[in-house]
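Peer 1: Dropping a structure here in structure tokens format, bear with me for questions.
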Amino acid sequence: VEVGSEVETKAYRTNALPMNRLVGLEDVKLALRLACIDPSLGGVGIAGGHGTAKTTLARSLRDVLPRIEVVDRSICNCDPERPGEWDDLTKQRMQKDDKGEVKTKVIDCPFVELPLGCTEDRLVGSLDVQASM
């Protein structure tokens, strides 16, 4: 199945409510679109009241994101075209095919949903003052 083909899309994607059908949260919609255009932004954190369609809005974007090619066995989804950016573990684990090219795989674009009540210290960690002294 060719990546991006209609058959591939139907086989791997779910139907979600289109973003333009959701009313409100215009700032969040803009942030999600910008994160798609420029992944170096690092993602979008969405906060809001109960029942404001935060999850529905985020999931509407997930299903239209393109599939990406990454280095096989990379835990960081390294880009095979940018070996200078690979972490040390990817360099150790990376395998080559019969032609001597790095083995790759095509995956859904990473999309992370955090559990309800996740605090910042649980997400990014916190400083252990005792250990740093």
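Letters A, B, ... mark the chains of the structure tokens in the order given; residue numbers begin at 1 per chain; ligand numbers begin at 1, in order shown.
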Out of region 8-117 of chain A, which residues get helix (DSSP H, G or I) from DSSP, as a ChimeraX atom specification?
Peer 2: /A:8-12,19-21,26-37,39-41,54-62,83-85,88-93
Peer 1: Could you write those residues out with N, CA and C atoms, as a compact mmCIF listing (two decimals), in the first residue's frame?
Peer 2:
```txt
# COMPACT_ATOMS: atom_id res chain seq x y z
N GLU A 8 -4.48 3.41 1.98
CA GLU A 8 -3.65 3.49 3.19
C GLU A 8 -4.34 4.32 4.25
N THR A 9 -4.93 5.44 3.84
CA THR A 9 -5.59 6.32 4.79
C THR A 9 -6.75 5.61 5.46
N LYS A 10 -7.55 4.90 4.70
CA LYS A 10 -8.70 4.20 5.27
C LYS A 10 -8.25 3.05 6.16
N ALA A 11 -7.14 2.41 5.83
CA ALA A 11 -6.68 1.26 6.60
C ALA A 11 -6.14 1.65 7.97
N TYR A 12 -5.54 2.81 8.08
CA TYR A 12 -4.85 3.16 9.32
C TYR A 12 -5.50 4.29 10.11
N MET A 19 -11.86 19.64 12.27
CA MET A 19 -11.57 20.78 13.14
C MET A 19 -12.48 21.97 12.83
N ASN A 20 -12.78 22.19 11.56
CA ASN A 20 -13.58 23.36 11.20
C ASN A 20 -15.05 23.22 11.60
N ARG A 21 -15.47 22.03 12.04
CA ARG A 21 -16.84 21.83 12.50
C ARG A 21 -16.99 22.14 13.99
N GLU A 26 -10.58 29.06 19.26
CA GLU A 26 -9.84 29.49 18.06
C GLU A 26 -8.33 29.57 18.32
N ASP A 27 -7.93 29.99 19.52
CA ASP A 27 -6.50 30.05 19.85
C ASP A 27 -5.88 28.65 19.84
N VAL A 28 -6.62 27.67 20.34
CA VAL A 28 -6.12 26.29 20.36
C VAL A 28 -6.01 25.76 18.93
N LYS A 29 -6.99 26.04 18.09
CA LYS A 29 -6.94 25.61 16.69
C LYS A 29 -5.71 26.19 16.00
N LEU A 30 -5.45 27.47 16.25
CA LEU A 30 -4.28 28.11 15.66
C LEU A 30 -2.99 27.45 16.16
N ALA A 31 -2.92 27.20 17.46
CA ALA A 31 -1.72 26.56 18.04
C ALA A 31 -1.50 25.18 17.43
N LEU A 32 -2.55 24.40 17.26
CA LEU A 32 -2.42 23.07 16.66
C LEU A 32 -1.95 23.16 15.22
N ARG A 33 -2.50 24.09 14.47
CA ARG A 33 -2.07 24.26 13.07
C ARG A 33 -0.59 24.67 13.00
N LEU A 34 -0.19 25.59 13.88
CA LEU A 34 1.21 26.03 13.88
C LEU A 34 2.15 24.89 14.27
N ALA A 35 1.74 24.05 15.20
CA ALA A 35 2.57 22.91 15.60
C ALA A 35 2.74 21.93 14.45
N CYS A 36 1.73 21.81 13.59
CA CYS A 36 1.84 20.95 12.41
C CYS A 36 2.80 21.54 11.38
N ILE A 37 2.77 22.84 11.24
CA ILE A 37 3.63 23.51 10.27
C ILE A 37 5.07 23.52 10.74
N PRO A 39 7.19 21.72 13.61
CA PRO A 39 7.33 20.78 14.74
C PRO A 39 8.34 21.22 15.79
N SER A 40 9.24 22.15 15.44
CA SER A 40 10.23 22.60 16.42
C SER A 40 9.57 23.37 17.57
N LEU A 41 8.29 23.70 17.43
CA LEU A 41 7.57 24.35 18.53
C LEU A 41 7.44 23.41 19.72
N LYS A 54 -11.89 19.74 24.08
CA LYS A 54 -10.43 19.76 23.97
C LYS A 54 -9.92 18.49 23.30
N THR A 55 -10.34 17.34 23.79
CA THR A 55 -9.88 16.06 23.26
C THR A 55 -10.37 15.87 21.83
N THR A 56 -11.61 16.21 21.57
CA THR A 56 -12.17 16.07 20.22
C THR A 56 -11.37 16.93 19.24
N LEU A 57 -11.03 18.13 19.65
CA LEU A 57 -10.26 19.04 18.79
C LEU A 57 -8.88 18.47 18.50
N ALA A 58 -8.19 18.00 19.52
CA ALA A 58 -6.86 17.44 19.32
C ALA A 58 -6.90 16.19 18.44
N ARG A 59 -7.87 15.32 18.69
CA ARG A 59 -7.98 14.10 17.89
C ARG A 59 -8.36 14.38 16.45
N SER A 60 -9.06 15.49 16.20
CA SER A 60 -9.41 15.83 14.82
C SER A 60 -8.16 16.12 14.01
N LEU A 61 -7.14 16.60 14.67
CA LEU A 61 -5.88 16.90 14.00
C LEU A 61 -5.04 15.64 13.81
N ARG A 62 -5.05 14.77 14.81
CA ARG A 62 -4.22 13.56 14.75
C ARG A 62 -4.49 12.75 13.49
N PRO A 83 21.18 12.32 9.78
CA PRO A 83 21.98 11.51 10.73
C PRO A 83 22.75 12.35 11.75
N GLY A 84 23.00 13.59 11.47
CA GLY A 84 23.69 14.46 12.41
C GLY A 84 22.86 14.75 13.67
N GLU A 85 21.55 14.52 13.58
CA GLU A 85 20.66 14.78 14.71
C GLU A 85 20.34 13.52 15.50
N ASP A 88 22.73 8.96 20.48
CA ASP A 88 23.73 7.88 20.53
C ASP A 88 23.10 6.50 20.48
N LEU A 89 21.96 6.31 21.14
CA LEU A 89 21.31 5.01 21.15
C LEU A 89 20.84 4.62 19.75
N THR A 90 20.31 5.57 19.00
CA THR A 90 19.88 5.28 17.62
C THR A 90 21.08 4.88 16.78
N LYS A 91 22.19 5.55 16.95
CA LYS A 91 23.40 5.21 16.20
C LYS A 91 23.87 3.79 16.51
N GLN A 92 23.72 3.36 17.76
CA GLN A 92 24.11 2.00 18.16
C GLN A 92 23.14 0.95 17.64
N ARG A 93 21.85 1.24 17.69
CA ARG A 93 20.80 0.27 17.35
C ARG A 93 20.48 0.21 15.86
```
Peer 1: By how many Å are CA of Ala47 (chain A) and CA of Leu114 (chain A) apart?
Peer 2: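 Between these atoms lies a distance of 11.2 Å.
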Peer 1: One number please: CA of Gly117 (chain A) to CA of Thr52 (chain A), in Å, one decimal.
Peer 2: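 Computing the Euclidean distance for CA of Gly117 (chain A) and CA of Thr52 (chain A) yields 16.1 Å.
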